[in-house]
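> Would you mind keeping the following structure in view while I ask a few things?
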Amino acid sequence: MKKNIIIAILTGLSLTSCDKDYLDVQPTEFVTPEQVGGVSEYDPAILNGFLGGVYSTMYSVEVGGTTGDDDFGQKGIDIYTDMLSGDMALSRSGYGWYRTLTQLTETVDFTRNSNYIPWRYYYRIVFGANNVIKAQGGNDADPETEGGRHALGQAKALRAYGHFYLQQLFAKEYIANEKSVPIKLSVDDSALPRSTSQEVMAQVIKDLEEAIVLLDGFDRPNKTPINQDVAKALAAYAYAYVGDASSLAKARDYAKDVADNSGATLLTSAETVGGMNNVSSNSWLWAVDITTDMGFDLVSFFGQIDYYTYSYQWAGDRKVIDAGLFAQIKPNDIRKTQFNATVAPTNSLYLIPYYKFYDPAREVAGQRYISTDICHLRVEEMYLLYAECAAKTGEETQAKTYLKMLLSNRFANPADYAYLDALTGTALQDEIYLQTRIELWGEGKTYLALKRNKKSVTRGTNHLSHVGTTMQYNDPRFTFSIPQAEVINNPNLNK
Amino acid sequence: MKLKFNGFLVLLLVLMAQLTFAQERVVSGIVTDNTGMPLPGVSVLVKGTKSGTQTDFDGKYSINTKPSDVLVFSYIGMETKTVSATSTNTNIILQQESTALSEVLIVGYTTTNKKDFIGSIKEVKAEEISKKNVSSVTNALAGEVSGVRVINNSGQPGTTGTVRIRGFGSVNGNRNPLYVVDGVPYSGRIESINPSDIASASVLKDATATAIYGARGANGVILITTKMAKKGESYIEVETKTGVNLSLLPRNQTIKSPEEYIGLSWEAMYNKGVILADANPVNYANTNLFSGSGIAPDYNIWNVNNVSELIDPTTKQVRAGVTRKYNPENWEDYAFQNSIRTEANLSMGGGSEKSKYFSSIGYLNDQGYSINSSYERITARLSLVQDVKEWLTASTNIGYTMSTTNQGGQSEDSGSVFWFVDNIPSIYPLFLRDANGNIPNNIYGSPSYDYGETGRGFGGLTNSIADAHYTLEQAKRQEISTSSSFNIKFTKDLNFETKIGTQYWERKFDNMNNKYYGPSAGTNGSIYKTDTQMFTYDVLKMLRYKKTFGVHDLEVLAAHQNNNYQYKFLDASKSQLALPLPEFEQAAVNIGASSYTDNVRLESYFAQANYDFDNRYYFTGTVRRDGSSRFLNDKWGNFYSVGAAWNLTNEAFMKDQTIVSNLKLKTSYGLTGEQDGVGLYPGYDRYNTETGAGGTPSFVFSAKANANLTWETSKMFQVGLEFGILNNRIEGSLDFYNKITDDLLFERRVAISDGYALLNVNGGQLRNQGFEFDVTGHIIKGKNGYLDLTLNGEMLDNKLLSMPIDPATGKEKIIDVQGNYGRAANQSVYDFYLREWAGVNPANGAPLWNQYYNDVNGNGVVDTGEGITSMSIFLDQNPGSESTIKKTTTSTYANATQKFVGKSIIPDVRGAVNISGGYRGFDMSVQMLYSLGGYAYDSAYAALMDNRQIGNNNWHTDIRNRWQQPGDITDVPRLSSNQDPNNSSASTRFITKANYFAINNVRLGYTFPKNVVENLKLSTVSLFISGDNLYISTQRKGFNPSSAETGASDTYAYSPLSTISGGIRVKF
């Protein structure tokens, strides 16, 4: 028995302490920079995943920090701005998404999620971009490898994209010395004060100009990464927004450069009603090939917009074209058929974009898991932006030429758009603005055009609120409020 | 050397022998009970020896003793009495045992009894647990223990309630107590332990009791001990219960008449026309009632040609004589069912000199009152204790559970049956109607459900009742837990114990959506499966030294423990079904899959010393060092506790009085730790791996690391009193505690522009103070009958003493707003931070809220820039401005001021009243729960009082009090089909008094007399009927603040079910 006891004690004692690393555990549900860093020693390509992650953020759900069914990245914000600008009308509300946004009571109330979502989302993009910039050696780095330069260029363009949209959404308009939003140039910056519009746009343009240089020669594997053309297009938008004469000239030149040299071609008449659902579209410059294994369902752009996807457009939250804008589309314009006018105006399906955005199967509520692709930028935008800036800088003939190139793919008969020839000055600019709204309906670009061109909006008869009301581009209700969560948690915001 | 030692020893022995011989003498006397009746067969022992005797038939005894000896008198059913053998004639009166006091308690790693225990413990015995028809022991604890709250979150059968012990222990960290089953920290599912296998559940509340569990004891500990037979018995026990589950608790009162609903809708459209300044609001309402901005025309269920035939514009109600095309169903009739609960348990036990065993098998089939919700469980248990050798005792306890849960219609979205039942306007039918108002059949040949395809404004394109029928949502779980221990005795006083506990479960969840109807019809059905596995093992090694030296009892133990928790998750889904079977081979298209494994490890060293002197003074001390894998740089925390108690009853000066039969004072102080609630890997920056463009992995940033995160520490001080008066006619306990939690695990919000929103930090300080009472009066205590009344309760105060430091300012954070609550220094963690409702403008019926403004220029109106949106922030940024702040009202919600409104969810007092009584074979008991003071947010009511587009939602009957014409004084604003969009936005309007009084359990039982039973060769036969969750009275019908931690209501909630059941228990 003694012997047994001794054995027992020895066994007991040998068990009394765990290995030194017993308390070190590694996650498998996600990755840590330490884990990826370890693998990158023999597989450096894995580091691309961090840049890829910034792009994924652009189309993932809940990136605005909420669980809302309107929180799914850039396309979600595109719907917000289209609804604010009024060209997208909510004509029927069942589940209530976007209802108070369209009542224009959300943007002025800083406790509302519709302010939080874009703020959270764009600063998430900026943070991700800064993370990549840090890994490439920082803001002033000049990476030696081609891969490093291209990564840094993309990151700077992404940071500019983030800051640009923050400026658009959270500043009433471009007033150089008015406080706008904080500029974040490092992941280590914390609780920074607001900068002026001028400072924000200067940084956006600096980042984009640097990106254009860094991205020289970048041959991207698919349309999701920002290449030089996309960076130029973003620069064109940024310059056009600043809007002084020299900026407009730069915007005009960048837009023309992309229109002429990107290799992308205008959608044909048939493609215009082809569903805007395929990344291989010849006009798409910056886009994402959505696959079912990404796991998106009703909380998605197609979920909110497409009647043929199992989601809200079908289930009764109807997003339609503003009746006033629809009335301005000429009868022979193929784009008029993008919208459902085959039913009575009292029918809730009236004017849904059932031939603009749709799942190819066209089975009502048929798409349960999303495989239809999304587009962030297409070449038509550069034709239109070029026309706009050319018209504003006095090159009206050139402006009309490029606008006609677009319209020749929208009308079968050139006589239908021959009226352009007679237009000059403001009338021409207004026409370009109208064509921009018609061409890019539902693509999140109208709000930018509204602010850039300092226009007003009159809501059509098929809205649920503010029918017939005219509002200016700088109406406070068109500008998002810096969310409460930022105001409370950033004591330096207004310093 | 050897010689010398021997000499010394001999001398010592001689001296001792002389002393002994000189002093030995005989002590004798009579032992009686308190009525003076002599007690035969009482054991009389010299403490610490084996020498002893028994009283004879007349209660007399005599025994040889020394003056320093202590005599112990013990007798079954009586309290053990210990006296010093100072007098040669010692008569003893034994008091009838107050069972609670002398029961053996297992506390931490020692056994003691209630009388000797320093900390706060409350034991709930099998008899109390078996009174209630619950599938989880946790739910049986409701009302039994002061300071313990059991929150019945859902009526889904098989759901375990949430338990909170002593307030809100943490801000963002874990608040769940630690469960310890048969001495092993338990990570399994509580509902998989059959309550009928449980001998007792004890709740430990204070630091001395919980400190031994240091790592996870900060929020209290619940010890569960499973049954074991006693030495010398052998039995079989059979119990069956059958009952019904009902929806007895009131639901929200809503408008059930389609005519009333459409009248209100018309009025809303009329008001909208007025607000829009339409020249003819009657015409506007008539035109738009059934339209895109109103109700879909297909849901005009009346036989009228136009709206003017339907509604009388003067009364704004449906005209007399209008008939319906068809009668829309009341959805509740199809959503709820009366359902059966059946339970049967068979257990066997036996014990001999060397071994004892307990085995059981149990079956439960519990159908919920909502369709397609049920829980079926089979449990089996085997426990064995063996004295293998004189020096080795081994025990094994194995529990196995298999369960099936159906949980249809409970998603928190349009798939919720409860959302539909309470919120769908009564004009909408459950079944589809054709042009003639007839119901067509679906492909299965039964009535077609209406999915609202013709524009139903509520839950468009869904039908949760149809989906609950068509959809499979089933979880099957298998669970096995074991506890094995080996106890090696080195000497009489020193032993080594090792205990190995394991818990394993696997849960397979199948969700199959119908191919033809419902959410996946577009993809010809879909299958989603998850497979989750949990495996935890816990290894304890402990050395214990326990010895009695005369009147000194000493126990010292030291131990090492490690715990490894592993959780594996896998899910996948496919669409395009072939046969309607939930297997992937029956589906064609892959949707996606994911899997991961989580791991948490804990390692601990601890030691404890317990000492008592003469059963009068008790001391205990514990030290503990715990390491957690959750923390990266700072894994280890040190914790300790000390406690003392004074049992006055055993003091000489108490002997001569008869009023106080038991009195014990106790106090303790200790530190316990918390490491849960911050995720498993908070020390690392975390990136989710997503499918990037082109199918490559992309890393999406998800959370920011805090590598220096470490233990949250609670320091709890308590003083307490246990008492018994008049021969324990009245007995009870009082406890006061002060618990200060430091280094709070705080999810501090950061500037959103930093790129992330939250950072886990240690910061701030939280205080929970409480007073707990538990008093029982044995009102009648007779030979044939008894009546006991127990009142227990807690009073709680909760306050954040300080907030975490904000690095941006280097000072404490001013406020952290989380939902309706603001966290700030000197506020509780659940103080409402909201806009203040200011009622309704009598002139036009518009809603009003309070707006505060800084009237710098003193003109009494809100000028540009003077409005205050968030009071705490404003006061921080504008110190000294209090004197110029003024209040007005606004009908623009966004301009109203958010502020602390002076209300919190914390009640003044909360507890239970228990009545139990018996007469001859009958016994009855009633348990009532109460809570007074405190508020909660009734968001379900808010949704029912909303002013959405007509047809979007039903209304509460309180909408009848709405403003209707100028001059109306009311608190319910006008209806306007969403023209006033913020009527129901968060404000004090929906803060509701959270008082409640509930009848939790009523039971009536009858036990057949022994002589009847023994003729049948049985030992016990009893019958009972009981009812659970029978009644609740709250501020508003349908509002049940007892079913959520914050008391807040939830539109999707499965309100707790009520059960009435009867059964029989036979033991032979």
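Letters for chains follow the order of the structure tokens (A, B, ...), residue numbers begin at 1 for each chain, and ligand numbers begin at 1 in the order shown.
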Would you give me, as JSON lines, each residue of chain A having an atom within 7 Å of an atom of chain B, along with its shortest atom pair and that distance in Å to one decimal, using only C-alpha atoms and sorting by chain and residue number?


{"residue": "A:Gly12", "atom": "CA", "partner": "B:Lys541", "partner_atom": "CA", "distance": 6.8}
{"residue": "A:Thr16", "atom": "CA", "partner": "B:His560", "partner_atom": "CA", "distance": 5.8}
{"residue": "A:Leu23", "atom": "CA", "partner": "B:Ser629", "partner_atom": "CA", "distance": 4.4}
{"residue": "A:Asp24", "atom": "CA", "partner": "B:Ser629", "partner_atom": "CA", "distance": 5.8}
{"residue": "A:Val25", "atom": "CA", "partner": "B:Ser629", "partner_atom": "CA", "distance": 6.4}
{"residue": "A:Pro27", "atom": "CA", "partner": "B:Asp598", "partner_atom": "CA", "distance": 6.4}
{"residue": "A:Thr28", "atom": "CA", "partner": "B:Tyr596", "partner_atom": "CA", "distance": 5.5}
{"residue": "A:Glu29", "atom": "CA", "partner": "B:Tyr596", "partner_atom": "CA", "distance": 4.9}
{"residue": "A:Phe30", "atom": "CA", "partner": "B:Asn688", "partner_atom": "CA", "distance": 4.7}
{"residue": "A:Val31", "atom": "CA", "partner": "B:Tyr687", "partner_atom": "CA", "distance": 5.2}
{"residue": "A:Thr32", "atom": "CA", "partner": "B:Arg686", "partner_atom": "CA", "distance": 5.1}
{"residue": "A:Pro33", "atom": "CA", "partner": "B:Asp685", "partner_atom": "CA", "distance": 6.8}
{"residue": "A:Gly49", "atom": "CA", "partner": "B:Ser698", "partner_atom": "CA", "distance": 4.1}
{"residue": "A:Phe50", "atom": "CA", "partner": "B:Phe699", "partner_atom": "CA", "distance": 5.0}
{"residue": "A:Gly52", "atom": "CA", "partner": "B:Ser698", "partner_atom": "CA", "distance": 4.7}
{"residue": "A:Gly53", "atom": "CA", "partner": "B:Val700", "partner_atom": "CA", "distance": 4.2}
{"residue": "A:Val54", "atom": "CA", "partner": "B:Val700", "partner_atom": "CA", "distance": 6.4}
{"residue": "A:Ser56", "atom": "CA", "partner": "B:Gly692", "partner_atom": "CA", "distance": 5.9}
{"residue": "A:Thr57", "atom": "CA", "partner": "B:Val700", "partner_atom": "CA", "distance": 6.5}
{"residue": "A:Arg92", "atom": "CA", "partner": "B:Gly292", "partner_atom": "CA", "distance": 6.0}
{"residue": "A:Gly94", "atom": "CA", "partner": "B:Gly457", "partner_atom": "CA", "distance": 4.8}
{"residue": "A:Tyr95", "atom": "CA", "partner": "B:Gly459", "partner_atom": "CA", "distance": 6.8}
{"residue": "A:Thr100", "atom": "CA", "partner": "B:Pro981", "partner_atom": "CA", "distance": 6.9}
{"residue": "A:Val108", "atom": "CA", "partner": "B:Ala894", "partner_atom": "CA", "distance": 6.6}
{"residue": "A:Asp109", "atom": "CA", "partner": "B:Ala894", "partner_atom": "CA", "distance": 4.7}
{"residue": "A:Arg120", "atom": "CA", "partner": "B:Ile752", "partner_atom": "CA", "distance": 6.0}
{"residue": "A:Tyr123", "atom": "CA", "partner": "B:Gly755", "partner_atom": "CA", "distance": 5.0}
{"residue": "A:Arg124", "atom": "CA", "partner": "B:Gly755", "partner_atom": "CA", "distance": 4.5}
{"residue": "A:Phe127", "atom": "CA", "partner": "B:Gly755", "partner_atom": "CA", "distance": 4.9}
{"residue": "A:Asp189", "atom": "CA", "partner": "B:Asp754", "partner_atom": "CA", "distance": 6.9}
{"residue": "A:Ser190", "atom": "CA", "partner": "B:Asp754", "partner_atom": "CA", "distance": 5.6}
{"residue": "A:Ala191", "atom": "CA", "partner": "B:Ala751", "partner_atom": "CA", "distance": 5.4}
{"residue": "A:Asn222", "atom": "CA", "partner": "B:Gly694", "partner_atom": "CA", "distance": 6.8}
{"residue": "A:Thr224", "atom": "CA", "partner": "B:Ala693", "partner_atom": "CA", "distance": 6.3}
{"residue": "A:Val288", "atom": "CA", "partner": "B:Ala693", "partner_atom": "CA", "distance": 6.4}
{"residue": "A:Asp289", "atom": "CA", "partner": "B:Ala693", "partner_atom": "CA", "distance": 6.3}
{"residue": "A:Thr292", "atom": "CA", "partner": "B:Ile591", "partner_atom": "CA", "distance": 5.8}
{"residue": "A:Asp293", "atom": "CA", "partner": "B:Gly592", "partner_atom": "CA", "distance": 4.9}
{"residue": "A:Met294", "atom": "CA", "partner": "B:Thr691", "partner_atom": "CA", "distance": 5.5}
{"residue": "A:Gly295", "atom": "CA", "partner": "B:Gly592", "partner_atom": "CA", "distance": 6.4}
{"residue": "A:Ala315", "atom": "CA", "partner": "B:Gly460", "partner_atom": "CA", "distance": 5.0}
{"residue": "A:Gly316", "atom": "CA", "partner": "B:Gly460", "partner_atom": "CA", "distance": 5.8}
{"residue": "A:Thr346", "atom": "CA", "partner": "B:Gly292", "partner_atom": "CA", "distance": 6.4}
{"residue": "A:Ser348", "atom": "CA", "partner": "B:Gly292", "partner_atom": "CA", "distance": 5.9}
{"residue": "A:Ala365", "atom": "CA", "partner": "B:Gly522", "partner_atom": "CA", "distance": 5.9}
{"residue": "A:Gly366", "atom": "CA", "partner": "B:Gly522", "partner_atom": "CA", "distance": 4.0}
{"residue": "A:Gln367", "atom": "CA", "partner": "B:Gly522", "partner_atom": "CA", "distance": 6.3}
{"residue": "A:Arg368", "atom": "CA", "partner": "B:Thr523", "partner_atom": "CA", "distance": 6.2}
{"residue": "A:Leu464", "atom": "CA", "partner": "B:Ser293", "partner_atom": "CA", "distance": 6.6}
{"residue": "A:Ala485", "atom": "CA", "partner": "B:Ile752", "partner_atom": "CA", "distance": 6.9}
{"residue": "A:Glu486", "atom": "CA", "partner": "B:Ala751", "partner_atom": "CA", "distance": 5.1}
{"residue": "A:Ile488", "atom": "CA", "partner": "B:Ile873", "partner_atom": "CA", "distance": 6.7}
{"residue": "A:Asn489", "atom": "CA", "partner": "B:Ala751", "partner_atom": "CA", "distance": 4.7}
{"residue": "A:Asn490", "atom": "CA", "partner": "B:Ala751", "partner_atom": "CA", "distance": 4.7}
{"residue": "A:Pro491", "atom": "CA", "partner": "B:Ala808", "partner_atom": "CA", "distance": 6.8}

> Could you pull out the residues in segment 394-539 of chain B that DSSP calls alpha helix (DSSP H) from the backbone, as a PyMOL selection string?

chain B and resi 417-423+464-470

> For the selection you just gave me, I'd like the residues written to a file as an mmCIF file, in the first residue's frame, keeping N, CA, C and O atoms.


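Okay, out-v5.cif is ready:
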data_model
loop_
_atom_site.group_PDB
_atom_site.id
_atom_site.type_symbol
_atom_site.label_atom_id
_atom_site.label_comp_id
_atom_site.auth_asym_id
_atom_site.auth_seq_id
_atom_site.Cartn_x
_atom_site.Cartn_y
_atom_site.Cartn_z
ATOM 1 N N VAL B 417 -44.031 34.231 -35.425
ATOM 2 C CA VAL B 417 -45.456 34.017 -35.191
ATOM 3 C C VAL B 417 -46.004 35.081 -34.236
ATOM 4 O O VAL B 417 -47.113 35.595 -34.400
ATOM 5 N N PHE B 418 -45.204 35.449 -33.240
ATOM 6 C CA PHE B 418 -45.676 36.380 -32.198
ATOM 7 C C PHE B 418 -45.819 37.794 -32.736
ATOM 8 O O PHE B 418 -46.716 38.532 -32.356
ATOM 9 N N TRP B 419 -44.909 38.148 -33.624
ATOM 10 C CA TRP B 419 -45.016 39.452 -34.271
ATOM 11 C C TRP B 419 -46.328 39.526 -35.054
ATOM 12 O O TRP B 419 -47.069 40.500 -34.977
ATOM 13 N N PHE B 420 -46.622 38.484 -35.788
ATOM 14 C CA PHE B 420 -47.856 38.447 -36.560
ATOM 15 C C PHE B 420 -49.083 38.520 -35.652
ATOM 16 O O PHE B 420 -49.980 39.333 -35.868
ATOM 17 N N VAL B 421 -49.107 37.669 -34.647
ATOM 18 C CA VAL B 421 -50.306 37.587 -33.816
ATOM 19 C C VAL B 421 -50.627 38.935 -33.168
ATOM 20 O O VAL B 421 -51.776 39.369 -33.133
ATOM 21 N N ASP B 422 -49.599 39.606 -32.666
ATOM 22 C CA ASP B 422 -49.852 40.846 -31.939
ATOM 23 C C ASP B 422 -49.920 42.076 -32.836
ATOM 24 O O ASP B 422 -50.405 43.114 -32.409
ATOM 25 N N ASN B 423 -49.397 41.998 -34.030
ATOM 26 C CA ASN B 423 -49.224 43.218 -34.814
ATOM 27 C C ASN B 423 -49.968 43.263 -36.135
ATOM 28 O O ASN B 423 -50.043 44.317 -36.750
ATOM 29 N N SER B 464 -45.946 33.941 -41.325
ATOM 30 C CA SER B 464 -45.142 33.190 -40.347
ATOM 31 C C SER B 464 -45.856 31.917 -39.897
ATOM 32 O O SER B 464 -45.205 30.929 -39.555
ATOM 33 N N ILE B 465 -47.169 31.937 -39.903
ATOM 34 C CA ILE B 465 -47.887 30.726 -39.477
ATOM 35 C C ILE B 465 -47.743 29.645 -40.541
ATOM 36 O O ILE B 465 -47.463 28.486 -40.240
ATOM 37 N N ALA B 466 -47.881 30.057 -41.797
ATOM 38 C CA ALA B 466 -47.649 29.098 -42.873
ATOM 39 C C ALA B 466 -46.229 28.562 -42.801
ATOM 40 O O ALA B 466 -45.995 27.352 -42.886
ATOM 41 N N ASP B 467 -45.269 29.483 -42.603
ATOM 42 C CA ASP B 467 -43.878 29.052 -42.568
ATOM 43 C C ASP B 467 -43.607 28.123 -41.390
ATOM 44 O O ASP B 467 -42.827 27.174 -41.512
ATOM 45 N N ALA B 468 -44.237 28.411 -40.246
ATOM 46 C CA ALA B 468 -44.024 27.534 -39.092
ATOM 47 C C ALA B 468 -44.515 26.123 -39.412
ATOM 48 O O ALA B 468 -43.970 25.143 -38.928
ATOM 49 N N HIS B 469 -45.559 26.021 -40.262
ATOM 50 C CA HIS B 469 -46.028 24.693 -40.675
ATOM 51 C C HIS B 469 -45.122 24.074 -41.737
ATOM 52 O O HIS B 469 -44.820 22.889 -41.699
ATOM 53 N N TYR B 470 -44.690 24.903 -42.671
ATOM 54 C CA TYR B 470 -43.956 24.373 -43.829
ATOM 55 C C TYR B 470 -42.471 24.152 -43.548
ATOM 56 O O TYR B 470 -41.803 23.433 -44.278
#

> Quick one: residues within 8 Å of Ala155 of chain A, only C-alpha atoms, excluding same-chain residues fewer than 4 positions away - as an mmCIF file with N, CA and C atoms, in the first residue's frame?


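Output (selection_8.cif):
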data_model
loop_
_atom_site.group_PDB
_atom_site.id
_atom_site.type_symbol
_atom_site.label_atom_id
_atom_site.label_comp_id
_atom_site.auth_asym_id
_atom_site.auth_seq_id
_atom_site.Cartn_x
_atom_site.Cartn_y
_atom_site.Cartn_z
ATOM 1 N N LEU A 51 -5.494 44.065 -48.311
ATOM 2 C CA LEU A 51 -6.034 45.014 -49.273
ATOM 3 C C LEU A 51 -7.385 44.507 -49.784
ATOM 4 N N ALA A 129 -7.510 51.304 -45.437
ATOM 5 C CA ALA A 129 -6.515 51.831 -46.364
ATOM 6 C C ALA A 129 -5.257 52.251 -45.605
ATOM 7 N N ASN A 130 -5.450 52.919 -44.478
ATOM 8 C CA ASN A 130 -4.289 53.344 -43.683
ATOM 9 C C ASN A 130 -3.485 52.144 -43.172
ATOM 10 N N VAL A 132 -3.054 49.345 -44.773
ATOM 11 C CA VAL A 132 -2.224 48.880 -45.889
ATOM 12 C C VAL A 132 -1.074 49.863 -46.112
ATOM 13 N N ILE A 133 -1.376 51.160 -46.015
ATOM 14 C CA ILE A 133 -0.333 52.175 -46.211
ATOM 15 C C ILE A 133 0.762 51.997 -45.165
ATOM 16 N N ALA A 151 0.065 48.285 -54.450
ATOM 17 C CA ALA A 151 -0.724 48.186 -53.209
ATOM 18 C C ALA A 151 -0.871 49.566 -52.576
ATOM 19 N N ARG A 159 -8.380 55.498 -49.700
ATOM 20 C CA ARG A 159 -8.488 56.501 -48.643
ATOM 21 C C ARG A 159 -9.136 57.768 -49.197
#

> Need the shell around Ala236 of chain A: protein/DNA/RNA residues with any atom at most 10 Å away, counting only C-alpha atoms. Skip same-chain ones fewer than 6 positions apart. Format as a list of chain:residue names?

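Counting only the stated atoms, we get A:Ile205, A:Leu208, A:Val230, A:Ser247, A:Leu248, A:Ala249, A:Lys250, A:Ala251, A:Arg252, A:Asp253, A:Tyr254, A:Ala255, A:Lys256, A:Asp257, A:Val258, A:Met382, A:Leu385, A:Tyr386, A:Cys389.
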
> Rounded to one decimal, what separation in Å do you get between atom CA of Ile175 of chain A and atom CA of Val242 of chain A?

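Value for the atom CA of Ile175 of chain A-atom CA of Val242 of chain A distance: 9.1 Å.
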
> May I have the residues within 9 Å of Leu440 of chain A as a list in words, using only C-alpha atoms and disregarding those fewer than 6 positions away in the same chain?

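The neighbour list is Glu380, Glu381 and Thr446 of chain A.
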